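J.: Please find my_file_16.pdb (PDB, C-alpha atoms) on the next line:
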ATOM      1  CA  MET J 419       8.696  16.910 -10.662
ATOM      2  CA  ALA J 420      10.207  19.244  -8.056
ATOM      3  CA  GLU J 421      13.970  19.158  -7.759
ATOM      4  CA  ALA J 422      13.648  18.478  -4.017
ATOM      5  CA  ASP J 423      11.812  15.216  -4.763
ATOM      6  CA  ALA J 424      14.294  13.952  -7.358
ATOM      7  CA  ASP J 425      16.205  11.705  -4.953
ATOM      8  CA  LYS J 426      13.153  10.437  -3.085
ATOM      9  CA  LEU J 427      11.922   6.847  -3.265
ATOM     10  CA  VAL J 428       9.231   5.942  -5.763
ATOM     11  CA  PRO J 429       7.504   2.629  -6.632
ATOM     12  CA  GLY J 430       9.640   0.712  -9.090
ATOM     13  CA  GLY J 431      12.704   2.741  -8.202
ATOM     14  CA  PRO J 432      15.800   1.545  -6.312
ATOM     15  CA  GLY J 433      15.246   1.144  -2.604
ATOM     16  CA  TYR J 434      11.466   1.479  -2.563
ATOM     17  CA  ARG J 435      10.769  -2.242  -2.245
ATOM     18  CA  LYS J 436      13.394  -2.616   0.483
ATOM     19  CA  MET J 437      11.952   0.352   2.349
ATOM     20  CA  SER J 438       8.421  -1.089   2.135
ATOM     21  CA  PHE J 439       9.554  -4.498   3.342
ATOM     22  CA  ALA J 440      11.580  -2.987   6.185
ATOM     23  CA  LEU J 441       8.713  -0.884   7.521
ATOM     24  CA  PHE J 442       6.247  -3.734   7.023
ATOM     25  CA  SER J 443       8.525  -5.906   9.210
ATOM     26  CA  ALA J 444       8.829  -3.122  11.764
ATOM     27  CA  GLY J 445       5.048  -2.747  11.911
ATOM     28  CA  ILE J 446       4.594  -6.474  12.490
ATOM     29  CA  SER J 447       7.145  -6.473  15.302
ATOM     30  CA  THR J 448       5.774  -3.349  16.994
ATOM     31  CA  PHE J 449       2.190  -4.481  17.398
ATOM     32  CA  ALA J 450       2.961  -8.168  17.939
ATOM     33  CA  LEU J 451       5.023  -7.082  20.950
ATOM     34  CA  LEU J 452       2.695  -4.349  22.148
ATOM     35  CA  TYR J 453      -0.296  -6.670  22.578
ATOM     36  CA  SER J 454       1.563  -9.959  23.111
ATOM     37  CA  THR J 455       0.086 -10.584  26.580
ATOM     38  CA  GLN J 456      -3.504  -9.670  25.727
ATOM     39  CA  ALA J 457      -4.578 -13.137  24.571
ATOM     40  CA  LEU J 458      -2.630 -14.701  27.456
ATOM     41  CA  LEU J 459      -4.264 -12.870  30.356
ATOM     42  CA  PRO J 460      -6.337 -15.831  31.637
ATOM     43  CA  ALA J 461      -3.246 -18.063  31.564
ATOM     44  CA  ILE J 462      -1.150 -15.409  33.325
ATOM     45  CA  SER J 463      -3.835 -14.989  35.981
ATOM     46  CA  ASP J 464      -3.980 -18.735  36.640
ATOM     47  CA  ASP J 465      -0.224 -19.289  36.699
ATOM     48  CA  LEU J 466       0.730 -16.260  38.803
ATOM     49  CA  ARG J 467      -2.451 -16.416  40.908
ATOM     50  CA  VAL J 468      -3.443 -12.828  40.262
ATOM     51  CA  SER J 469      -6.796 -11.222  39.519
ATOM     52  CA  PRO J 470      -7.849 -10.176  36.003
ATOM     53  CA  ASP J 471      -7.440  -6.475  36.794
ATOM     54  CA  GLN J 472      -3.885  -7.103  38.020
ATOM     55  CA  ALA J 473      -2.961  -9.204  34.986
ATOM     56  CA  SER J 474      -4.403  -6.582  32.628
ATOM     57  CA  TRP J 475      -1.625  -4.234  33.706
ATOM     58  CA  THR J 476       0.715  -6.235  31.467
ATOM     59  CA  VAL J 477      -1.198  -4.684  28.561
ATOM     60  CA  SER J 478      -1.847  -1.262  30.084
ATOM     61  CA  ALA J 479       1.784  -0.772  31.137
ATOM     62  CA  ALA J 480       3.009  -1.235  27.575
ATOM     63  CA  THR J 481       0.384   0.934  25.880
ATOM     64  CA  GLY J 482       0.578   3.602  28.607
ATOM     65  CA  ALA J 483       4.361   3.828  28.431
ATOM     66  CA  LEU J 484       4.168   4.123  24.644
ATOM     67  CA  ALA J 485       1.683   6.984  24.952
ATOM     68  CA  VAL J 486       3.916   8.837  27.420
ATOM     69  CA  ALA J 487       7.177   8.280  25.530
ATOM     70  CA  VAL J 488       6.091   8.808  21.926
ATOM     71  CA  VAL J 489       6.453  12.612  21.898
ATOM     72  CA  PRO J 490       9.898  12.768  23.619
ATOM     73  CA  LEU J 491      11.318   9.989  21.432
ATOM     74  CA  SER J 492       9.894  11.603  18.306
ATOM     75  CA  ALA J 493      11.746  14.760  19.297
ATOM     76  CA  LEU J 494      14.980  12.814  19.759
ATOM     77  CA  SER J 495      14.589  11.400  16.251
ATOM     78  CA  GLU J 496      14.888  14.988  15.011
ATOM     79  CA  ARG J 497      18.394  15.032  16.428
ATOM     80  CA  TYR J 498      19.673  11.480  15.928
ATOM     81  CA  GLY J 499      17.751  10.398  12.834
ATOM     82  CA  ARG J 500      14.626   8.383  12.064
ATOM     83  CA  ARG J 501      16.545   5.295  10.976
ATOM     84  CA  ALA J 502      18.664   5.204  14.123
ATOM     85  CA  MET J 503      15.636   5.752  16.364
ATOM     86  CA  MET J 504      13.598   3.009  14.697
ATOM     87  CA  THR J 505      16.498   0.550  14.800
ATOM     88  CA  GLY J 506      17.190   1.252  18.469
ATOM     89  CA  SER J 507      13.513   0.955  19.366
ATOM     90  CA  LEU J 508      13.124  -2.427  17.699
ATOM     91  CA  ILE J 509      16.317  -3.842  19.188
ATOM     92  CA  VAL J 510      15.544  -2.755  22.757
ATOM     93  CA  ALA J 511      11.944  -3.939  22.542
ATOM     94  CA  ALA J 512      13.020  -7.327  21.119
ATOM     95  CA  LEU J 513      15.642  -7.839  23.839
ATOM     96  CA  VAL J 514      13.085  -7.043  26.528
ATOM     97  CA  ALA J 515      10.706  -9.502  24.852
ATOM     98  CA  LEU J 516      13.318 -12.253  25.258
ATOM     99  CA  ALA J 517      13.593 -11.433  28.979
ATOM    100  CA  ALA J 518       9.840 -11.252  29.664
ATOM    101  CA  PRO J 519       9.228 -15.048  29.735
ATOM    102  CA  PHE J 520      11.641 -15.319  32.676
ATOM    103  CA  ALA J 521       9.838 -12.749  34.844
ATOM    104  CA  PRO J 522       9.539 -14.340  38.320
ATOM    105  CA  ASN J 523       6.394 -12.440  39.282
ATOM    106  CA  LEU J 524       3.743 -10.096  37.971
ATOM    107  CA  ALA J 525       5.457  -6.901  39.136
ATOM    108  CA  THR J 526       8.600  -7.753  37.157
ATOM    109  CA  LEU J 527       6.555  -8.650  34.099
ATOM    110  CA  ILE J 528       4.669  -5.345  34.280
ATOM    111  CA  ALA J 529       7.931  -3.419  34.630
ATOM    112  CA  LEU J 530       9.428  -5.179  31.606
ATOM    113  CA  ARG J 531       6.282  -4.476  29.613
ATOM    114  CA  ALA J 532       6.488  -0.778  30.508
ATOM    115  CA  VAL J 533      10.098  -0.631  29.297
ATOM    116  CA  GLN J 534       9.045  -2.431  26.135
ATOM    117  CA  GLY J 535       6.202   0.001  25.467
ATOM    118  CA  ALA J 536       8.474   3.000  25.996
ATOM    119  CA  ALA J 537      11.014   1.524  23.576
ATOM    120  CA  LEU J 538       8.366   0.887  20.933
ATOM    121  CA  ALA J 539       7.286   4.530  21.173
ATOM    122  CA  GLY J 540      10.312   5.449  19.084
ATOM    123  CA  LEU J 541       8.973   3.681  16.036
ATOM    124  CA  PRO J 542       5.475   4.846  14.900
ATOM    125  CA  ALA J 543       6.069   8.593  14.689
ATOM    126  CA  SER J 544       9.637   8.175  13.426
ATOM    127  CA  ALA J 545       8.398   5.833  10.702
ATOM    128  CA  MET J 546       5.837   8.377   9.489
ATOM    129  CA  ALA J 547       8.461  11.126   9.487
ATOM    130  CA  TYR J 548      10.910   8.877   7.617
ATOM    131  CA  LEU J 549       8.298   8.142   4.951
ATOM    132  CA  ALA J 550       7.427  11.823   4.566
ATOM    133  CA  GLU J 551      11.087  12.700   4.084
ATOM    134  CA  GLU J 552      12.180   9.789   1.886
ATOM    135  CA  VAL J 553       9.152   8.962  -0.318
ATOM    136  CA  ARG J 554       7.743  11.089  -3.124
ATOM    137  CA  PRO J 555       4.370  12.643  -2.242
ATOM    138  CA  LYS J 556       2.452  10.676  -4.878
ATOM    139  CA  ALA J 557       3.657   7.374  -3.402
ATOM    140  CA  LEU J 558       3.350   8.393   0.251
ATOM    141  CA  VAL J 559      -0.197   7.145   0.871
ATOM    142  CA  ALA J 560       0.606   3.659  -0.441
ATOM    143  CA  ALA J 561       3.808   3.516   1.621
ATOM    144  CA  ILE J 562       1.959   4.513   4.799
ATOM    145  CA  GLY J 563      -0.718   1.942   3.973
ATOM    146  CA  LEU J 564       1.882  -0.825   3.855
ATOM    147  CA  PHE J 565       3.268   0.251   7.225
ATOM    148  CA  VAL J 566      -0.210   0.339   8.786
ATOM    149  CA  SER J 567      -1.023  -3.086   7.311
ATOM    150  CA  GLY J 568       2.109  -4.394   9.014
ATOM    151  CA  ASN J 569       0.793  -2.952  12.270
ATOM    152  CA  SER J 570      -2.533  -4.731  11.820
ATOM    153  CA  ILE J 571      -0.987  -8.060  10.829
ATOM    154  CA  GLY J 572       1.439  -7.835  13.744
ATOM    155  CA  GLY J 573      -1.292  -7.097  16.271
ATOM    156  CA  MET J 574      -3.411  -9.963  14.965
ATOM    157  CA  SER J 575      -0.665 -12.553  14.474
ATOM    158  CA  GLY J 576       0.961 -11.822  17.828
ATOM    159  CA  ARG J 577      -2.276 -12.587  19.646
ATOM    160  CA  ILE J 578      -3.067 -15.665  17.540
ATOM    161  CA  VAL J 579       0.437 -17.132  17.809
ATOM    162  CA  THR J 580       0.586 -16.638  21.574
ATOM    163  CA  GLY J 581      -2.840 -18.230  21.980
ATOM    164  CA  TRP J 582      -1.977 -21.431  20.131
ATOM    165  CA  VAL J 583       1.531 -21.713  21.572
ATOM    166  CA  ALA J 584       0.170 -21.226  25.101
ATOM    167  CA  GLN J 585      -2.379 -23.985  24.475
ATOM    168  CA  ALA J 586       0.386 -26.352  23.381
ATOM    169  CA  SER J 587       2.802 -25.264  26.104
ATOM    170  CA  ASN J 588       2.386 -22.243  28.411
ATOM    171  CA  TRP J 589       2.278 -18.456  28.345
ATOM    172  CA  ARG J 590       6.009 -18.079  28.983
ATOM    173  CA  VAL J 591       6.905 -20.102  25.906
ATOM    174  CA  ALA J 592       4.321 -18.104  23.940
ATOM    175  CA  LEU J 593       5.981 -14.820  24.913
ATOM    176  CA  GLY J 594       9.356 -16.301  24.002
ATOM    177  CA  VAL J 595       8.128 -17.201  20.518
ATOM    178  CA  VAL J 596       6.927 -13.630  19.964
ATOM    179  CA  GLY J 597      10.285 -12.401  21.227
ATOM    180  CA  VAL J 598      12.109 -14.510  18.635
ATOM    181  CA  MET J 599       9.737 -13.184  15.951
ATOM    182  CA  ALA J 600      10.613  -9.648  17.057
ATOM    183  CA  VAL J 601      14.355 -10.336  16.843
ATOM    184  CA  VAL J 602      13.952 -11.666  13.298
ATOM    185  CA  CYS J 603      11.901  -8.598  12.317
ATOM    186  CA  ALA J 604      14.513  -6.260  13.833
ATOM    187  CA  VAL J 605      17.308  -7.952  11.885
ATOM    188  CA  VAL J 606      15.291  -7.799   8.657
ATOM    189  CA  PHE J 607      14.489  -4.134   9.261
ATOM    190  CA  ARG J 608      18.114  -3.153   9.874
ATOM    191  CA  ALA J 609      19.313  -5.128   6.852
ATOM    192  CA  THR J 610      16.779  -3.684   4.409
ATOM    193  CA  ILE J 611      15.935  -0.115   5.462
ATOM    194  CA  PRO J 612      17.595   2.329   3.028
ATOM    195  CA  PRO J 613      19.788   5.094   4.471
ATOM    196  CA  ALA J 614      18.057   8.432   4.942
ATOM    197  CA  ARG J 615      18.981  10.842   2.152
ATOM    198  CA  ASN J 616      16.759  13.767   3.055
ATOM    199  CA  PHE J 617      17.141  13.972   6.824
ATOM    200  CA  THR J 618      18.632  17.107   8.354
ATOM    201  CA  PRO J 619      19.510  16.904  12.083
ATOM    202  CA  ARG J 620      17.941  19.554  14.273
ATOM    203  CA  PRO J 621      18.758  20.473  17.870
ATOM    204  CA  VAL J 622      16.365  19.177  20.528
ATOM    205  CA  SER J 623      14.693  22.069  22.342
ATOM    206  CA  PRO J 624      12.419  21.098  25.262
ATOM    207  CA  ARG J 625      10.949  24.596  25.259
ATOM    208  CA  SER J 626      10.117  24.436  21.565
ATOM    209  CA  LEU J 627       8.669  20.934  21.997
ATOM    210  CA  ALA J 628       6.476  22.090  24.882
ATOM    211  CA  ARG J 629       5.299  25.055  22.814
ATOM    212  CA  THR J 630       4.367  22.768  19.919
ATOM    213  CA  VAL J 631       2.471  20.350  22.170
ATOM    214  CA  ARG J 632       0.678  23.214  23.895
ATOM    215  CA  GLY J 633      -0.323  24.615  20.512
ATOM    216  CA  HIS J 634      -1.866  21.291  19.494
ATOM    217  CA  LEU J 635      -3.715  20.943  22.795
ATOM    218  CA  CYS J 636      -5.132  24.447  22.450
ATOM    219  CA  ASP J 637      -6.615  23.655  19.035
ATOM    220  CA  PRO J 638     -10.263  22.552  19.554
ATOM    221  CA  LEU J 639     -10.368  20.579  16.303
ATOM    222  CA  MET J 640      -7.182  18.680  17.122
ATOM    223  CA  CYS J 641      -8.469  17.958  20.636
ATOM    224  CA  ARG J 642     -11.610  16.450  19.141
ATOM    225  CA  LEU J 643      -9.463  14.166  16.986
ATOM    226  CA  TYR J 644      -7.367  13.155  20.003
ATOM    227  CA  ALA J 645     -10.547  12.410  21.983
ATOM    228  CA  LEU J 646     -11.935  10.255  19.172
ATOM    229  CA  GLY J 647      -8.704   8.268  18.952
ATOM    230  CA  ALA J 648      -8.650   7.794  22.732
ATOM    231  CA  LEU J 649     -12.269   6.616  22.827
ATOM    232  CA  PHE J 650     -11.749   4.172  19.966
ATOM    233  CA  MET J 651      -8.685   2.661  21.646
ATOM    234  CA  VAL J 652     -10.386   2.468  25.070
ATOM    235  CA  VAL J 653     -13.281   0.470  23.616
ATOM    236  CA  PHE J 654     -11.036  -1.627  21.376
ATOM    237  CA  GLY J 655      -8.522  -2.375  24.125
ATOM    238  CA  ALA J 656     -11.060  -2.989  26.882
ATOM    239  CA  VAL J 657     -13.138  -5.484  24.889
ATOM    240  CA  TYR J 658     -10.090  -7.461  23.797
ATOM    241  CA  THR J 659      -8.667  -7.451  27.318
ATOM    242  CA  VAL J 660     -11.754  -8.861  29.067
ATOM    243  CA  ILE J 661     -13.109 -11.179  26.380
ATOM    244  CA  GLY J 662     -10.503 -13.870  27.010
ATOM    245  CA  TYR J 663     -11.730 -14.310  30.581
ATOM    246  CA  ARG J 664     -15.327 -14.561  29.390
ATOM    247  CA  LEU J 665     -14.595 -17.155  26.722
ATOM    248  CA  THR J 666     -12.423 -19.391  28.914
ATOM    249  CA  ALA J 667     -15.064 -19.436  31.665
ATOM    250  CA  LYS J 668     -18.397 -21.261  31.723
ATOM    251  CA  PRO J 669     -20.510 -21.764  29.667
ATOM    252  CA  PHE J 670     -18.002 -21.439  26.773
ATOM    253  CA  GLU J 671     -14.816 -22.906  28.281
ATOM    254  CA  LEU J 672     -12.936 -22.418  25.023
ATOM    255  CA  PRO J 673      -9.269 -23.494  24.758
ATOM    256  CA  GLN J 674      -6.547 -20.854  24.665
ATOM    257  CA  GLY J 675      -5.847 -21.290  20.941
ATOM    258  CA  ILE J 676      -9.457 -20.640  19.955
ATOM    259  CA  VAL J 677      -9.623 -17.607  22.237
ATOM    260  CA  GLY J 678      -6.491 -16.212  20.569
ATOM    261  CA  SER J 679      -8.043 -16.811  17.146
ATOM    262  CA  ILE J 680     -10.901 -14.383  17.802
ATOM    263  CA  PHE J 681      -8.445 -11.600  16.990
ATOM    264  CA  LEU J 682      -8.813 -12.530  13.324
TER     265      LEU J 682
END
The structure given in the file should be rewritten as structure tokens.
T.:
Amino acid sequence: MAEADADKLVPGGPGYRKMSFALFSAGISTFALLYSTQALLPAISDDLRVSPDQASWTVSAATGALAVAVVPLSALSERYGRRAMMTGSLIVAALVALAAPFAPNLATLIALRAVQGAALAGLPASAMAYLAEEVRPKALVAAIGLFVSGNSIGGMSGRIVTGWVAQASNWRVALGVVGVMAVVCAVVFRATIPPARNFTPRPVSPRSLARTVRGHLCDPLMCRLYALGALFMVVFGAVYTVIGYRLTAKPFELPQGIVGSIFL
């Protein structure tokens, strides 16, 4: 075992279980919040009297803001630390989630969702960097798998919970429930995430960051990977955004809870 890996986390060792639980909680919170309005779009359209394409901006604003902010916030984590960035991201996103149910109109809701998406951008890349720095290479794949499973469970449960709560009450209460879930996850994350032992702060250089991004975009193989990811998410996101309207309309006329359950 390399000397540099001696103080890194390993399954069965001190801190590994706490780290796994913390990032699992963070993954749940991130994707439950990111897609929290997707199952609620028909209800939002009816209540606010807006068209489906207008209501869909509550999803697009969050995912778009995340895409724009992820690189700058990842760079800031190089200066201020992965743990601090992830904690701040979860707290801000959870607080915005508690405010979203009180949005008086669609424009305010979209703006809050954009802020939420930008805040959440500080978590995915920082989490991967934290794992790479704090976990031994042999255990890294399993640790990343747990984080990704948290993402998947969060994305699924957030949509299902909002669907059933909206059926029993309304979409505002549903968003509030997800907001409370996010607060609990943020508290659990902060209480259980081990301190970083292998992080070295680096100065933030916009010029260096731009050079790195330009280098990636000039690599044909990397661009193909980016295009594949974009196409997958366009199809995935578009189908899940429109299907609620189809299933609540004739001839199906399914209730909101059943529509939310399709995300299983």
J.: As a PyMOL selection string, please: the residues near Thr659 (chain J) (cut-off 9 Å, only C-alpha atoms, same-chain neighbours under 2 positions excluded).
T.: chain J and resi 456-457+459+474+477+654-657+661-663
J.: When distances are computed from only C-alpha atoms, which of J:Ile571, J:Ala584, J:Ala667, J:Leu682 shows the smallest separation from Leu451 (chain J)?
T.: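 Closest to Leu451 (chain J), using only C-alpha atoms: J:Ile571.
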J.: Please provide the set of residues having any atom within 9 Å of Val606 (chain J), restricted to only C-alpha atoms, with same-chain residues fewer than 2 positions apart removed, written as a VMD selection string.
T.: chain J and resid 439 to 440 443 to 444 601 to 604 608 to 611
J.: Please build the interface table for region 459-566 of chain J against region 613-620 of chain J with a cut-off of 8 Å, listing for each qualifying residue the nearest atom pair and the distance in Å to one decimal; count all atoms listed in the file, order rows by chain and increasing number, and write it as a Markdown table.
T.:
| residue | atom | partner | partner_atom | distance |
| --- | --- | --- | --- | --- |
| J:Glu496 | CA | J:Arg620 | CA | 5.5 |
| J:Arg497 | CA | J:Pro619 | CA | 4.9 |
| J:Tyr498 | CA | J:Pro619 | CA | 6.7 |
| J:Gly499 | CA | J:Pro619 | CA | 6.8 |
| J:Arg500 | CA | J:Ala614 | CA | 7.9 |
| J:Arg501 | CA | J:Ala614 | CA | 7.0 |
| J:Tyr548 | CA | J:Ala614 | CA | 7.6 |
| J:Glu551 | CA | J:Asn616 | CA | 5.9 |
| J:Glu552 | CA | J:Asn616 | CA | 6.2 |
J.: Ranking J:Ala480, J:Val652, J:Thr666, J:Ala557 by minimum distance to Gly430 (chain J) and counting only C-alpha atoms, which one comes first?
T.: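 Once distances to Gly430 (chain J) are computed over only C-alpha atoms, the minimum belongs to J:Ala557.
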J.: Which residues fall under the PyMOL selection byres ((chain J and resi 579) around 10) in this file, as a list in words?
T.: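 So the PyMOL selection byres ((chain J and resi 579) around 10) ends up selecting Ala450, Ser454, Ala457, Met574, Ser575, Gly576, Arg577, Ile578, Thr580, Gly581, Trp582, Val583, Ala584, Gln585, Ala592, Leu593, Val595, Val596, Gly675, Gly678 and Ser679 of chain J.
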J.: Hey, can you check how far CA of Pro542 (chain J) sits from CA of Arg435 (chain J)?
T.: 19.3 Å
J.: Could you spell out the hits of the PyMOL selection byres ((chain J and resi 567) around 12) on the shown file, as a PyMOL selection string?
T.: chain J and resi 438-439+441-449+560-566+568-575
J.: Report as JSON the centre and the edge lengths, in Å to one decimal, of the axis-aligned box holding every listed atom of region 522-530 of chain J, padded by 4 Å on each side.
T.:
{"center_x": 6.6, "center_y": -8.9, "center_z": 35.4, "size_x": 13.8, "size_y": 18.9, "size_z": 15.7}
J.: Given the file shown, determine the residues that the PyMOL selection byres ((chain J and resi 513) around 10) selects; report them as a PDB file with C-alpha atoms, in the coordinates of the input.
T.:
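Printed below is expr-v8.pdb as written:
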ATOM      1  CA  LEU J 508      13.124  -2.427  17.699  1.00  0.00           C
ATOM      2  CA  ILE J 509      16.317  -3.842  19.188  1.00  0.00           C
ATOM      3  CA  VAL J 510      15.544  -2.755  22.757  1.00  0.00           C
ATOM      4  CA  ALA J 511      11.944  -3.939  22.542  1.00  0.00           C
ATOM      5  CA  ALA J 512      13.020  -7.327  21.119  1.00  0.00           C
ATOM      6  CA  VAL J 514      13.085  -7.043  26.528  1.00  0.00           C
ATOM      7  CA  ALA J 515      10.706  -9.502  24.852  1.00  0.00           C
ATOM      8  CA  LEU J 516      13.318 -12.253  25.258  1.00  0.00           C
ATOM      9  CA  ALA J 517      13.593 -11.433  28.979  1.00  0.00           C
ATOM     10  CA  ALA J 518       9.840 -11.252  29.664  1.00  0.00           C
ATOM     11  CA  GLN J 534       9.045  -2.431  26.135  1.00  0.00           C
ATOM     12  CA  GLY J 597      10.285 -12.401  21.227  1.00  0.00           C
ATOM     13  CA  VAL J 598      12.109 -14.510  18.635  1.00  0.00           C
ATOM     14  CA  ALA J 600      10.613  -9.648  17.057  1.00  0.00           C
ATOM     15  CA  VAL J 601      14.355 -10.336  16.843  1.00  0.00           C
TER      16      VAL J 601
END
J.: If I take CA of Ala493 (chain J) and CA of Arg629 (chain J), how far is one from the other in Å, to one decimal?
T.: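 About the pair CA of Ala493 (chain J) and CA of Arg629 (chain J): they are 12.6 Å apart.
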J.: Considering all atoms listed in the file, return as a list in words whatever protein or nucleic-acid residues lie within 10 Å of region 482-485 of chain J, sequence-local ones (same chain, fewer than 4 positions apart) excluded.
T.: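 Neighbouring residues, sequence-local ones excluded: Leu452, Trp475, Val477, Ser478, Val489, Leu491, Arg531, Ala532, Val533, Gln534, Gly535, Ala536, Ala537, Leu538, Ala539, Gly540, Leu541 and Pro542 of chain J.
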J.: Separation of CA of Ala543 (chain J) and CA of Ser492 (chain J), in Å?
T.: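 Interatomic distance here is 6.1 Å.
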J.: Of the candidates J:Tyr644, J:Met651, J:Tyr658, J:Leu627, which shows the shortest atom-to-atom distance to Pro490 (chain J), using only C-alpha atoms?
T.: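 The answer is J:Leu627, which sits nearest to Pro490 (chain J).
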J.: Between J:Arg554, J:Val660, J:Ala547, J:Val486, which residue has the minimum interatomic distance to Asp425 (chain J), considering only C-alpha atoms?
T.: J:Arg554
J.: With distances taken over only C-alpha atoms, which of J:Ile680, J:Val591, J:Cys636, J:Ala479 is nearest to Ala461 (chain J)?
T.: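 Of the candidates, the smallest distance to Ala461 (chain J) is held by J:Val591.
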J.: Kindly indicate which residue among J:Ser626, J:Thr505, J:Thr526, J:Asn588 lies nearest to Phe607 (chain J), using all atoms listed in the file for the distances.
T.: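 Of all the options, J:Thr505 lies closest to Phe607 (chain J).
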